[in-house]
file coords.pdb (PDB, C-alpha atoms and all ligand atoms)
ATOM      1  CA  MET A   1      -3.184 -14.251 -12.703  1.00  0.00           C
ATOM      2  CA  ARG A   2      -0.005 -15.022 -14.606  1.00  0.00           C
ATOM      3  CA  ARG A   3       3.235 -15.398 -12.726  1.00  0.00           C
ATOM      4  CA  ILE A   4       6.183 -13.800 -14.448  1.00  0.00           C
ATOM      5  CA  LEU A   5       9.423 -14.920 -12.924  1.00  0.00           C
ATOM      6  CA  SER A   6      11.844 -14.281 -15.710  1.00  0.00           C
ATOM      7  CA  ASP A   7      14.884 -13.893 -13.511  1.00  0.00           C
ATOM      8  CA  ASN A   8      15.209 -16.134 -10.497  1.00  0.00           C
ATOM      9  CA  ARG A   9      17.749 -13.785  -8.923  1.00  0.00           C
ATOM     10  CA  ARG A  10      15.014 -11.179  -8.542  1.00  0.00           C
ATOM     11  CA  THR A  11      13.981 -10.607  -4.969  1.00  0.00           C
ATOM     12  CA  ASP A  12      10.397  -9.705  -5.887  1.00  0.00           C
ATOM     13  CA  LEU A  13       7.828 -11.916  -7.559  1.00  0.00           C
ATOM     14  CA  THR A  14       5.943 -10.014 -10.224  1.00  0.00           C
ATOM     15  CA  HIS A  15       2.480 -11.094 -11.351  1.00  0.00           C
ATOM     16  CA  GLU A  16       0.604  -9.155 -13.959  1.00  0.00           C
ATOM     17  CA  ASN A  17      -0.241  -6.151 -11.829  1.00  0.00           C
ATOM     18  CA  LEU A  18       1.125  -7.342  -8.553  1.00  0.00           C
ATOM     19  CA  THR A  19       4.534  -7.081  -6.962  1.00  0.00           C
ATOM     20  CA  ILE A  20       5.171  -9.351  -3.993  1.00  0.00           C
ATOM     21  CA  VAL A  21       8.072  -8.015  -1.999  1.00  0.00           C
ATOM     22  CA  ASN A  22       9.714 -11.129  -0.687  1.00  0.00           C
ATOM     23  CA  HIS A  23      12.734  -9.486   0.899  1.00  0.00           C
ATOM     24  CA  PRO A  24      13.739 -11.620   3.925  1.00  0.00           C
ATOM     25  CA  LEU A  25      13.255  -8.757   6.389  1.00  0.00           C
ATOM     26  CA  VAL A  26       9.737  -8.102   5.086  1.00  0.00           C
ATOM     27  CA  GLN A  27       8.838 -11.786   5.253  1.00  0.00           C
ATOM     28  CA  HIS A  28      10.276 -12.239   8.752  1.00  0.00           C
ATOM     29  CA  LYS A  29       8.449  -9.192  10.114  1.00  0.00           C
ATOM     30  CA  LEU A  30       5.198 -10.287   8.476  1.00  0.00           C
ATOM     31  CA  THR A  31       5.446 -13.694  10.164  1.00  0.00           C
ATOM     32  CA  LEU A  32       5.793 -11.970  13.537  1.00  0.00           C
ATOM     33  CA  MET A  33       2.742  -9.857  12.745  1.00  0.00           C
ATOM     34  CA  ARG A  34       0.665 -12.862  11.739  1.00  0.00           C
ATOM     35  CA  GLU A  35       1.236 -14.622  15.067  1.00  0.00           C
ATOM     36  CA  GLN A  36      -1.798 -14.175  17.267  1.00  0.00           C
ATOM     37  CA  THR A  37       0.332 -13.718  20.389  1.00  0.00           C
ATOM     38  CA  THR A  38       2.110 -10.616  19.038  1.00  0.00           C
ATOM     39  CA  PRO A  39       1.045  -7.723  21.262  1.00  0.00           C
ATOM     40  CA  THR A  40      -0.393  -4.467  19.885  1.00  0.00           C
ATOM     41  CA  PRO A  41       2.697  -2.226  20.394  1.00  0.00           C
ATOM     42  CA  VAL A  42       4.949  -4.782  18.694  1.00  0.00           C
ATOM     43  CA  PHE A  43       2.422  -5.247  15.873  1.00  0.00           C
ATOM     44  CA  ARG A  44       2.349  -1.479  15.310  1.00  0.00           C
ATOM     45  CA  GLN A  45       6.124  -1.161  15.341  1.00  0.00           C
ATOM     46  CA  LEU A  46       6.494  -4.032  12.834  1.00  0.00           C
ATOM     47  CA  LEU A  47       3.885  -2.466  10.580  1.00  0.00           C
ATOM     48  CA  ARG A  48       5.806   0.781  10.625  1.00  0.00           C
ATOM     49  CA  GLU A  49       9.035  -1.016   9.711  1.00  0.00           C
ATOM     50  CA  ILE A  50       7.465  -3.104   6.921  1.00  0.00           C
ATOM     51  CA  SER A  51       5.732  -0.073   5.467  1.00  0.00           C
ATOM     52  CA  MET A  52       9.093   1.641   5.017  1.00  0.00           C
ATOM     53  CA  LEU A  53      10.430  -1.390   3.182  1.00  0.00           C
ATOM     54  CA  LEU A  54       7.322  -1.608   0.984  1.00  0.00           C
ATOM     55  CA  ALA A  55       7.511   2.118   0.285  1.00  0.00           C
ATOM     56  CA  TYR A  56      11.070   1.632  -0.947  1.00  0.00           C
ATOM     57  CA  GLU A  57       9.668  -0.736  -3.594  1.00  0.00           C
ATOM     58  CA  VAL A  58       6.604   1.364  -4.485  1.00  0.00           C
ATOM     59  CA  THR A  59       8.670   4.498  -5.039  1.00  0.00           C
ATOM     60  CA  ARG A  60      11.340   2.744  -7.091  1.00  0.00           C
ATOM     61  CA  GLU A  61      10.332   4.468 -10.328  1.00  0.00           C
ATOM     62  CA  LEU A  62      10.000   8.022  -9.071  1.00  0.00           C
ATOM     63  CA  ALA A  63      11.455  10.426 -11.613  1.00  0.00           C
ATOM     64  CA  LEU A  64      14.769  12.079 -10.870  1.00  0.00           C
ATOM     65  CA  THR A  65      16.243  15.319 -12.012  1.00  0.00           C
ATOM     66  CA  SER A  66      19.586  16.733 -11.036  1.00  0.00           C
ATOM     67  CA  ARG A  67      20.612  19.880  -9.244  1.00  0.00           C
ATOM     68  CA  ARG A  68      23.891  21.627  -8.684  1.00  0.00           C
ATOM     69  CA  ILE A  69      25.220  21.204  -5.144  1.00  0.00           C
ATOM     70  CA  GLU A  70      28.499  21.783  -3.381  1.00  0.00           C
ATOM     71  CA  THR A  71      30.053  18.976  -1.379  1.00  0.00           C
ATOM     72  CA  PRO A  72      32.829  20.008   1.047  1.00  0.00           C
ATOM     73  CA  LEU A  73      35.248  19.201  -1.801  1.00  0.00           C
ATOM     74  CA  MET A  74      33.680  20.324  -5.078  1.00  0.00           C
ATOM     75  CA  GLU A  75      30.538  21.098  -7.050  1.00  0.00           C
ATOM     76  CA  MET A  76      28.520  18.335  -8.651  1.00  0.00           C
ATOM     77  CA  ASP A  77      25.206  17.694 -10.396  1.00  0.00           C
ATOM     78  CA  ALA A  78      23.414  15.450  -7.923  1.00  0.00           C
ATOM     79  CA  PRO A  79      20.203  13.425  -8.368  1.00  0.00           C
ATOM     80  CA  SER A  80      17.095  14.836  -6.766  1.00  0.00           C
ATOM     81  CA  LEU A  81      13.395  13.900  -6.936  1.00  0.00           C
ATOM     82  CA  ALA A  82      11.607  15.629  -9.812  1.00  0.00           C
ATOM     83  CA  GLY A  83       8.099  17.017 -10.029  1.00  0.00           C
ATOM     84  CA  LYS A  84       5.359  17.500  -7.491  1.00  0.00           C
ATOM     85  CA  LYS A  85       5.474  15.896  -4.057  1.00  0.00           C
ATOM     86  CA  LEU A  86       3.836  12.508  -4.026  1.00  0.00           C
ATOM     87  CA  ALA A  87       0.443  11.992  -2.424  1.00  0.00           C
ATOM     88  CA  LEU A  88      -0.273   9.257   0.120  1.00  0.00           C
ATOM     89  CA  ILE A  89      -3.917   8.362   0.575  1.00  0.00           C
ATOM     90  CA  SER A  90      -4.832   6.293   3.603  1.00  0.00           C
ATOM     91  CA  ILE A  91      -7.962   4.174   3.475  1.00  0.00           C
ATOM     92  CA  LEU A  92      -9.413   4.574   6.980  1.00  0.00           C
ATOM     93  CA  ARG A  93      -8.846   3.313   9.501  1.00  0.00           C
ATOM     94  CA  ALA A  94      -6.239   0.599   9.061  1.00  0.00           C
ATOM     95  CA  GLY A  95      -4.428   2.500   6.296  1.00  0.00           C
ATOM     96  CA  ASN A  96      -3.092   4.879   8.951  1.00  0.00           C
ATOM     97  CA  GLY A  97      -0.784   2.151  10.254  1.00  0.00           C
ATOM     98  CA  LEU A  98       0.958   1.922   6.876  1.00  0.00           C
ATOM     99  CA  LEU A  99       0.927   5.672   6.415  1.00  0.00           C
ATOM    100  CA  ASP A 100       3.245   6.399   9.356  1.00  0.00           C
ATOM    101  CA  GLY A 101       6.127   4.333   8.004  1.00  0.00           C
ATOM    102  CA  VAL A 102       5.834   5.702   4.477  1.00  0.00           C
ATOM    103  CA  LEU A 103       5.784   9.258   5.826  1.00  0.00           C
ATOM    104  CA  GLU A 104       8.944   8.573   7.748  1.00  0.00           C
ATOM    105  CA  LEU A 105      10.638   7.647   4.465  1.00  0.00           C
ATOM    106  CA  VAL A 106       9.040  10.433   2.395  1.00  0.00           C
ATOM    107  CA  PRO A 107       8.339  13.193   4.929  1.00  0.00           C
ATOM    108  CA  SER A 108       7.476  15.758   2.255  1.00  0.00           C
ATOM    109  CA  ALA A 109       4.592  13.674   0.866  1.00  0.00           C
ATOM    110  CA  ARG A 110       1.116  15.210   0.901  1.00  0.00           C
ATOM    111  CA  VAL A 111      -1.502  13.153   2.715  1.00  0.00           C
ATOM    112  CA  GLY A 112      -5.162  12.393   2.127  1.00  0.00           C
ATOM    113  CA  PHE A 113      -7.807  10.140   3.671  1.00  0.00           C
ATOM    114  CA  VAL A 114     -10.705   8.125   2.304  1.00  0.00           C
ATOM    115  CA  GLY A 115     -13.274   6.706   4.709  1.00  0.00           C
ATOM    116  CA  LEU A 116     -15.672   4.037   3.472  1.00  0.00           C
ATOM    117  CA  TYR A 117     -18.080   1.734   5.243  1.00  0.00           C
ATOM    118  CA  ARG A 118     -19.973  -1.185   3.824  1.00  0.00           C
ATOM    119  CA  ASP A 119     -23.740  -0.779   3.411  1.00  0.00           C
ATOM    120  CA  GLU A 120     -24.874  -4.250   4.483  1.00  0.00           C
ATOM    121  CA  GLU A 121     -28.189  -3.970   2.592  1.00  0.00           C
ATOM    122  CA  LYS A 122     -26.861  -2.716  -0.716  1.00  0.00           C
ATOM    123  CA  LEU A 123     -23.527  -4.501  -0.195  1.00  0.00           C
ATOM    124  CA  ARG A 124     -21.719  -1.441  -1.473  1.00  0.00           C
ATOM    125  CA  PRO A 125     -19.005   0.761   0.060  1.00  0.00           C
ATOM    126  CA  VAL A 126     -20.411   4.140   1.188  1.00  0.00           C
ATOM    127  CA  GLU A 127     -18.125   7.132   1.603  1.00  0.00           C
ATOM    128  CA  TYR A 128     -18.138   8.957   4.956  1.00  0.00           C
ATOM    129  CA  TYR A 129     -14.922  10.974   4.636  1.00  0.00           C
ATOM    130  CA  PHE A 130     -12.879  12.277   1.742  1.00  0.00           C
ATOM    131  CA  LYS A 131     -10.042  14.772   1.929  1.00  0.00           C
ATOM    132  CA  VAL A 132      -7.152  14.687  -0.522  1.00  0.00           C
ATOM    133  CA  PRO A 133      -4.302  17.021  -1.536  1.00  0.00           C
ATOM    134  CA  GLY A 134      -4.713  19.353  -4.514  1.00  0.00           C
ATOM    135  CA  LYS A 135      -3.179  18.891  -7.988  1.00  0.00           C
ATOM    136  CA  LEU A 136      -3.475  15.100  -7.839  1.00  0.00           C
ATOM    137  CA  ARG A 137      -3.128  15.022 -11.619  1.00  0.00           C
ATOM    138  CA  ASP A 138       0.545  15.963 -11.305  1.00  0.00           C
ATOM    139  CA  ARG A 139       1.468  13.583  -8.494  1.00  0.00           C
ATOM    140  CA  LEU A 140       2.251   9.924  -8.014  1.00  0.00           C
ATOM    141  CA  VAL A 141      -0.601   8.810  -5.741  1.00  0.00           C
ATOM    142  CA  ILE A 142      -0.089   5.853  -3.409  1.00  0.00           C
ATOM    143  CA  LEU A 143      -3.150   4.429  -1.688  1.00  0.00           C
ATOM    144  CA  VAL A 144      -2.390   2.460   1.455  1.00  0.00           C
ATOM    145  CA  ASP A 145      -4.459  -0.177   3.236  1.00  0.00           C
ATOM    146  CA  PRO A 146      -2.883  -3.194   4.959  1.00  0.00           C
ATOM    147  CA  MET A 147      -5.420  -5.828   3.844  1.00  0.00           C
ATOM    148  CA  LEU A 148      -6.620  -6.182   0.235  1.00  0.00           C
ATOM    149  CA  ALA A 149      -9.503  -8.571   0.903  1.00  0.00           C
ATOM    150  CA  THR A 150     -12.594  -8.474  -1.384  1.00  0.00           C
ATOM    151  CA  GLY A 151     -11.099  -5.493  -3.196  1.00  0.00           C
ATOM    152  CA  HIS A 152     -14.437  -3.650  -3.203  1.00  0.00           C
ATOM    153  CA  SER A 153     -13.488  -0.803  -0.909  1.00  0.00           C
ATOM    154  CA  ALA A 154     -10.020  -0.576  -2.449  1.00  0.00           C
ATOM    155  CA  ALA A 155     -11.565  -0.307  -5.928  1.00  0.00           C
ATOM    156  CA  ALA A 156     -14.111   2.266  -4.695  1.00  0.00           C
ATOM    157  CA  ALA A 157     -11.366   4.323  -3.035  1.00  0.00           C
ATOM    158  CA  VAL A 158      -9.242   4.246  -6.203  1.00  0.00           C
ATOM    159  CA  ALA A 159     -12.262   5.294  -8.308  1.00  0.00           C
ATOM    160  CA  ARG A 160     -12.943   8.218  -5.975  1.00  0.00           C
ATOM    161  CA  VAL A 161      -9.310   9.359  -6.058  1.00  0.00           C
ATOM    162  CA  LYS A 162      -9.324   9.114  -9.866  1.00  0.00           C
ATOM    163  CA  GLU A 163     -12.480  11.267  -9.893  1.00  0.00           C
ATOM    164  CA  ALA A 164     -10.497  13.849  -7.923  1.00  0.00           C
ATOM    165  CA  GLY A 165      -7.942  13.967 -10.767  1.00  0.00           C
ATOM    166  CA  ALA A 166      -5.337  11.286 -10.033  1.00  0.00           C
ATOM    167  CA  ASN A 167      -4.067   9.369 -13.045  1.00  0.00           C
ATOM    168  CA  ASN A 168      -0.850   7.803 -11.778  1.00  0.00           C
ATOM    169  CA  LEU A 169      -1.739   5.491  -8.917  1.00  0.00           C
ATOM    170  CA  ARG A 170      -0.255   2.623  -6.938  1.00  0.00           C
ATOM    171  CA  PHE A 171      -1.866   0.503  -4.239  1.00  0.00           C
ATOM    172  CA  MET A 172       0.254  -0.649  -1.318  1.00  0.00           C
ATOM    173  CA  CYS A 173      -0.850  -3.315   1.138  1.00  0.00           C
ATOM    174  CA  LEU A 174       0.611  -5.846   3.506  1.00  0.00           C
ATOM    175  CA  VAL A 175      -1.449  -8.935   2.674  1.00  0.00           C
ATOM    176  CA  ALA A 176      -3.555  -9.476  -0.446  1.00  0.00           C
ATOM    177  CA  ALA A 177      -6.175 -12.107  -1.239  1.00  0.00           C
ATOM    178  CA  PRO A 178      -6.387 -13.418  -4.827  1.00  0.00           C
ATOM    179  CA  GLU A 179     -10.051 -12.316  -4.878  1.00  0.00           C
ATOM    180  CA  GLY A 180      -9.078  -8.706  -4.130  1.00  0.00           C
ATOM    181  CA  VAL A 181      -6.255  -8.676  -6.656  1.00  0.00           C
ATOM    182  CA  ARG A 182      -8.652  -9.940  -9.340  1.00  0.00           C
ATOM    183  CA  VAL A 183     -11.231  -7.245  -8.565  1.00  0.00           C
ATOM    184  CA  MET A 184      -8.587  -4.516  -8.637  1.00  0.00           C
ATOM    185  CA  ASN A 185      -7.028  -5.830 -11.862  1.00  0.00           C
ATOM    186  CA  ARG A 186     -10.449  -5.954 -13.518  1.00  0.00           C
ATOM    187  CA  ILE A 187     -11.668  -2.509 -12.423  1.00  0.00           C
ATOM    188  CA  HIS A 188      -8.344  -0.661 -12.323  1.00  0.00           C
ATOM    189  CA  PRO A 189      -5.897  -2.457 -14.629  1.00  0.00           C
ATOM    190  CA  ASP A 190      -3.698   0.647 -14.578  1.00  0.00           C
ATOM    191  CA  VAL A 191      -2.996   0.399 -10.835  1.00  0.00           C
ATOM    192  CA  GLN A 192       0.064  -1.570  -9.782  1.00  0.00           C
ATOM    193  CA  ILE A 193      -0.378  -3.369  -6.449  1.00  0.00           C
ATOM    194  CA  THR A 194       2.541  -3.915  -4.097  1.00  0.00           C
ATOM    195  CA  THR A 195       2.170  -6.363  -1.212  1.00  0.00           C
ATOM    196  CA  ALA A 196       4.280  -8.403   1.192  1.00  0.00           C
ATOM    197  CA  ALA A 197       2.162 -11.540   0.657  1.00  0.00           C
ATOM    198  CA  LEU A 198      -0.478 -13.059  -1.584  1.00  0.00           C
ATOM    199  CA  ASP A 199      -2.454 -15.334   0.728  1.00  0.00           C
ATOM    200  CA  ILE A 200      -4.717 -18.299  -0.057  1.00  0.00           C
ATOM    201  CA  ARG A 201      -8.303 -17.000  -0.085  1.00  0.00           C
ATOM    202  CA  LEU A 202     -11.062 -15.217   1.811  1.00  0.00           C
ATOM    203  CA  ASN A 203     -13.198 -16.972   4.411  1.00  0.00           C
ATOM    204  CA  GLU A 204     -17.005 -16.736   4.412  1.00  0.00           C
ATOM    205  CA  ILE A 205     -16.967 -13.384   6.237  1.00  0.00           C
ATOM    206  CA  GLY A 206     -14.338 -11.765   4.074  1.00  0.00           C
ATOM    207  CA  TYR A 207     -11.232 -12.310   6.214  1.00  0.00           C
ATOM    208  CA  ILE A 208      -8.009 -13.279   4.487  1.00  0.00           C
ATOM    209  CA  LEU A 209      -6.704 -16.808   5.174  1.00  0.00           C
ATOM    210  CA  PRO A 210      -4.259 -17.372   6.730  1.00  0.00           C
ATOM    211  CA  GLY A 211      -3.983 -13.575   7.064  1.00  0.00           C
ATOM    212  CA  LEU A 212      -3.370 -11.887  10.382  1.00  0.00           C
ATOM    213  CA  GLY A 213      -6.894 -11.171  11.599  1.00  0.00           C
ATOM    214  CA  ASP A 214      -8.395  -7.691  11.688  1.00  0.00           C
ATOM    215  CA  ALA A 215      -5.479  -5.361  10.990  1.00  0.00           C
ATOM    216  CA  GLY A 216      -7.226  -2.305  12.457  1.00  0.00           C
ATOM    217  CA  ASP A 217      -8.104  -4.122  15.679  1.00  0.00           C
ATOM    218  CA  ARG A 218      -4.613  -5.492  16.023  1.00  0.00           C
ATOM    219  CA  MET A 219      -2.884  -2.153  15.466  1.00  0.00           C
ATOM    220  CA  PHE A 220      -5.216  -0.122  17.668  1.00  0.00           C
ATOM    221  CA  GLY A 221      -5.887  -2.774  20.340  1.00  0.00           C
ATOM    222  CA  THR A 222      -9.654  -2.797  19.782  1.00  0.00           C
ATOM    223  CA  MET A 223     -10.100  -6.587  19.784  1.00  0.00           C
TER     224      MET A 223
HETATM  225  N1  LIG B 301      -9.567  -6.652   6.820  1.00  0.00           N
HETATM  226  C1  LIG B 301      -8.753  -7.104   7.796  1.00  0.00           C
HETATM  227  O1  LIG B 301      -8.339  -6.341   8.669  1.00  0.00           O
HETATM  228  N2  LIG B 301      -8.390  -8.404   7.775  1.00  0.00           N
HETATM  229  C2  LIG B 301      -8.800  -9.265   6.845  1.00  0.00           C
HETATM  230  O2  LIG B 301      -8.437 -10.428   6.879  1.00  0.00           O
HETATM  231  C3  LIG B 301      -9.663  -8.766   5.836  1.00  0.00           C
HETATM  232  C4  LIG B 301     -10.031  -7.466   5.840  1.00  0.00           C
END
call {"tool": "encode", "arguments": {"input": "coords.pdb", "output": "structure tokens", "more": "lines below"}}
Ligand code: URA
result
Amino acid sequence: MRRILSDNRRTDLTHENLTIVNHPLVQHKLTLMREQTTPTPVFRQLLREISMLLAYEVTRELALTSRRIETPLMEMDAPSLAGKKLALISILRAGNGLLDGVLELVPSARVGFVGLYRDEEKLRPVEYYFKVPGKLRDRLVILVDPMLATGHSAAAAVARVKEAGANNLRFMCLVAAPEGVRVMNRIHPDVQITTAALDIRLNEIGYILPGLGDAGDRMFGTM
């Protein structure tokens, strides 16, 4: 992974296919989430807040058109989002925690879900649920999952969404492992990843270090 830091006034660090949003609010909230003493309701609220801030970055390049409006004082041509509504695809179950915040920012987005579990014998992700909005070809598609760990289920989910017609995709997560970023970059070099942190590595059972533990368990209180 090459680090491109051409302008040290930039607030985001950009690797080849990876944007690390290092805005102070994002970093502060992530630290609170990492702490093992943070209770479930606080964890969920922080996730919602961070996801809005990450969504701001992921949607930065949405196309604009203009439309004629009337302010109380005069008419003007005002900027307005162009094209089809964007599609948010949550990778179950932890993706739902990120989804809520993004939907708050972009309430008109269409929403889909991909459910995968890992077949421990074949060591491959197996799909158990798939429901996505129509006309994916014409939409910006943002897949959300808080933890990009091995990258195998993320890559499988992206492949499945591409099969359904998507060709303009982003992947948004909270914490990424270098292993997962490498897998995604190799299999889906066209997919830009946005994260709040690039952590050190995976442990022997696939958890991100230092990470924040099991994101799904922490947001739903199933520890
Ligand atoms: N999934 C999680 O929830 N946490 C990790 O550290 C890795 C995968």
call {"tool": "atom_distance", "arguments": {"input": "coords.pdb", "atom1": "CA of Leu212 (chain A)", "atom2": "CA of Ala177 (chain A)"}}
result
12.0 Å
call {"tool": "resolve_selection", "arguments": {"input": "coords.pdb", "expression": "the PyMOL selection byres (((chain A and resi 184) around 10) and not hetatm)", "output": "PyMOL selection string"}}
result
chain A and resi 17+148+150-156+158+171+178-183+185-193
call {"tool": "closest_atom_pairs", "arguments": {"input": "coords.pdb", "of": "chain A", "to": "ligand LIG 301 (chain B)", "cutoff": "7 Å", "atoms": "all atoms listed in the file", "output": "Markdown table"}}
result
| residue | atom | partner | partner_atom | distance |
| --- | --- | --- | --- | --- |
| A:Met147 | CA | B:LIG301 | N1 | 5.2 |
| A:Leu148 | CA | B:LIG301 | C4 | 6.7 |
| A:Ala149 | CA | B:LIG301 | C3 | 4.9 |
| A:Gly206 | CA | B:LIG301 | C3 | 5.8 |
| A:Tyr207 | CA | B:LIG301 | O2 | 3.4 |
| A:Ile208 | CA | B:LIG301 | O2 | 3.7 |
| A:Leu209 | CA | B:LIG301 | O2 | 6.8 |
| A:Gly211 | CA | B:LIG301 | O2 | 5.5 |
| A:Leu212 | CA | B:LIG301 | O2 | 6.3 |
| A:Gly213 | CA | B:LIG301 | N2 | 5.0 |
| A:Asp214 | CA | B:LIG301 | O1 | 3.3 |
| A:Ala215 | CA | B:LIG301 | O1 | 3.8 |
| A:Gly216 | CA | B:LIG301 | O1 | 5.6 |
call {"tool": "closest_atom_pairs", "arguments": {"input": "coords.pdb", "of": "region 60-132 of chain A", "to": "region 34-45 of chain A", "cutoff": "12 Å", "atoms": "all atoms listed in the file", "output": "tab-separated table"}}
result
residue	atom	partner	partner_atom	distance
A:Ala94	CA	A:Arg44	CA	10.8
A:Gly95	CA	A:Arg44	CA	12.0
A:Asn96	CA	A:Arg44	CA	10.5
A:Gly97	CA	A:Arg44	CA	7.0
A:Leu98	CA	A:Arg44	CA	9.2
A:Leu99	CA	A:Arg44	CA	11.5
A:Asp100	CA	A:Arg44	CA	9.9
A:Gly101	CA	A:Gln45	CA	9.2
call {"tool": "closest_residue", "arguments": {"input": "coords.pdb", "among": "A:Leu64, A:Leu73, A:Leu174, A:Ile200", "to": "Leu46 (chain A)", "atoms": "only C-alpha atoms"}}
result
A:Leu174
call {"tool": "closest_residue", "arguments": {"input": "coords.pdb", "among": "A:Pro125, A:Pro133, A:Gly115, A:Pro72", "to": "Lys85 (chain A)", "atoms": "only C-alpha atoms"}}
result
A:Pro133
call {"tool": "atom_distance", "arguments": {"input": "coords.pdb", "atom1": "CA of Arg68 (chain A)", "atom2": "CA of Leu88 (chain A)"}}
result
28.5 Å
call {"tool": "closest_residue", "arguments": {"input": "coords.pdb", "among": "A:Ala196, A:Phe130, A:Asp138, A:Leu92", "to": "Val175 (chain A)", "atoms": "all atoms listed in the file"}}
result
A:Ala196
call {"tool": "residues_around", "arguments": {"input": "coords.pdb", "residues": "Arg60 (chain A)", "least_positions_apart": "5", "cutoff": "12 Å", "atoms": "all atoms listed in the file", "output": "list in words"}}
result
Thr19, Leu53, Leu54, Ala55, Leu81, Leu140, Arg170 and Thr194 of chain A
call {"tool": "write_last_selection", "arguments": {"input": "coords.pdb", "atoms": "C-alpha atoms", "output": "compact mmCIF listing (two decimals), in the frame of the given file"}}
result
# COMPACT_ATOMS: atom_id res chain seq x y z
CA THR A 19 4.53 -7.08 -6.96
CA LEU A 53 10.43 -1.39 3.18
CA LEU A 54 7.32 -1.61 0.98
CA ALA A 55 7.51 2.12 0.28
CA LEU A 81 13.40 13.90 -6.94
CA LEU A 140 2.25 9.92 -8.01
CA ARG A 170 -0.26 2.62 -6.94
CA THR A 194 2.54 -3.92 -4.10
call {"tool": "axis_aligned_box", "arguments": {"input": "coords.pdb", "around": "region 99-114 of chain A", "padding_each_side": "3 Å", "output": "JSON"}}
result
{"center_x": 0.0, "center_y": 10.0, "center_z": 5.1, "size_x": 27.3, "size_y": 17.4, "size_z": 14.5}
call {"tool": "resolve_selection", "arguments": {"input": "coords.pdb", "expression": "the PyMOL selection byres (((chain A and resi 82) around 12) and not hetatm)", "output": "PyMOL selection string"}}
result
chain A and resi 61-67+78-81+83-86+138-140
call {"tool": "build_atoms", "arguments": {"input": "coords.pdb", "residues": "region 42-54 of chain A", "atoms": "N, CA, C and O atoms", "output": "CSV table (one decimal), in the coordinates of the input"}}
result
chain,number,residue,atom,x,y,z
A,42,VAL,N,4.0,-4.1,19.6
A,42,VAL,CA,4.9,-4.8,18.7
A,42,VAL,C,4.4,-4.9,17.3
A,42,VAL,O,5.1,-4.6,16.3
A,43,PHE,N,3.1,-5.2,17.2
A,43,PHE,CA,2.4,-5.2,15.9
A,43,PHE,C,2.6,-3.9,15.2
A,43,PHE,O,2.9,-3.8,14.0
A,44,ARG,N,2.3,-2.8,15.9
A,44,ARG,CA,2.3,-1.5,15.3
A,44,ARG,C,3.8,-1.1,14.9
A,44,ARG,O,4.0,-0.6,13.8
A,45,GLN,N,4.7,-1.5,15.7
A,45,GLN,CA,6.1,-1.2,15.3
A,45,GLN,C,6.6,-1.9,14.1
A,45,GLN,O,7.2,-1.4,13.2
A,46,LEU,N,6.1,-3.2,14.0
A,46,LEU,CA,6.5,-4.0,12.8
A,46,LEU,C,5.8,-3.5,11.6
A,46,LEU,O,6.4,-3.4,10.5
A,47,LEU,N,4.6,-3.0,11.7
A,47,LEU,CA,3.9,-2.5,10.6
A,47,LEU,C,4.6,-1.2,10.1
A,47,LEU,O,4.7,-1.0,8.9
A,48,ARG,N,5.1,-0.4,11.0
A,48,ARG,CA,5.8,0.8,10.6
A,48,ARG,C,7.1,0.4,9.9
A,48,ARG,O,7.4,1.0,8.8
A,49,GLU,N,7.8,-0.6,10.4
A,49,GLU,CA,9.0,-1.0,9.7
A,49,GLU,C,8.8,-1.6,8.3
A,49,GLU,O,9.4,-1.3,7.3
A,50,ILE,N,7.8,-2.5,8.2
A,50,ILE,CA,7.5,-3.1,6.9
A,50,ILE,C,7.0,-2.0,5.9
A,50,ILE,O,7.3,-2.1,4.8
A,51,SER,N,6.3,-1.1,6.4
A,51,SER,CA,5.7,-0.1,5.5
A,51,SER,C,6.9,0.7,4.8
A,51,SER,O,6.8,1.1,3.7
A,52,MET,N,7.9,0.9,5.6
A,52,MET,CA,9.1,1.6,5.0
A,52,MET,C,9.7,0.8,3.9
A,52,MET,O,10.1,1.3,2.9
A,53,LEU,N,9.8,-0.5,4.2
A,53,LEU,CA,10.4,-1.4,3.2
A,53,LEU,C,9.5,-1.5,1.9
A,53,LEU,O,10.0,-1.6,0.8
A,54,LEU,N,8.2,-1.5,2.1
A,54,LEU,CA,7.3,-1.6,1.0
A,54,LEU,C,7.4,-0.3,0.2
A,54,LEU,O,7.3,-0.3,-1.0
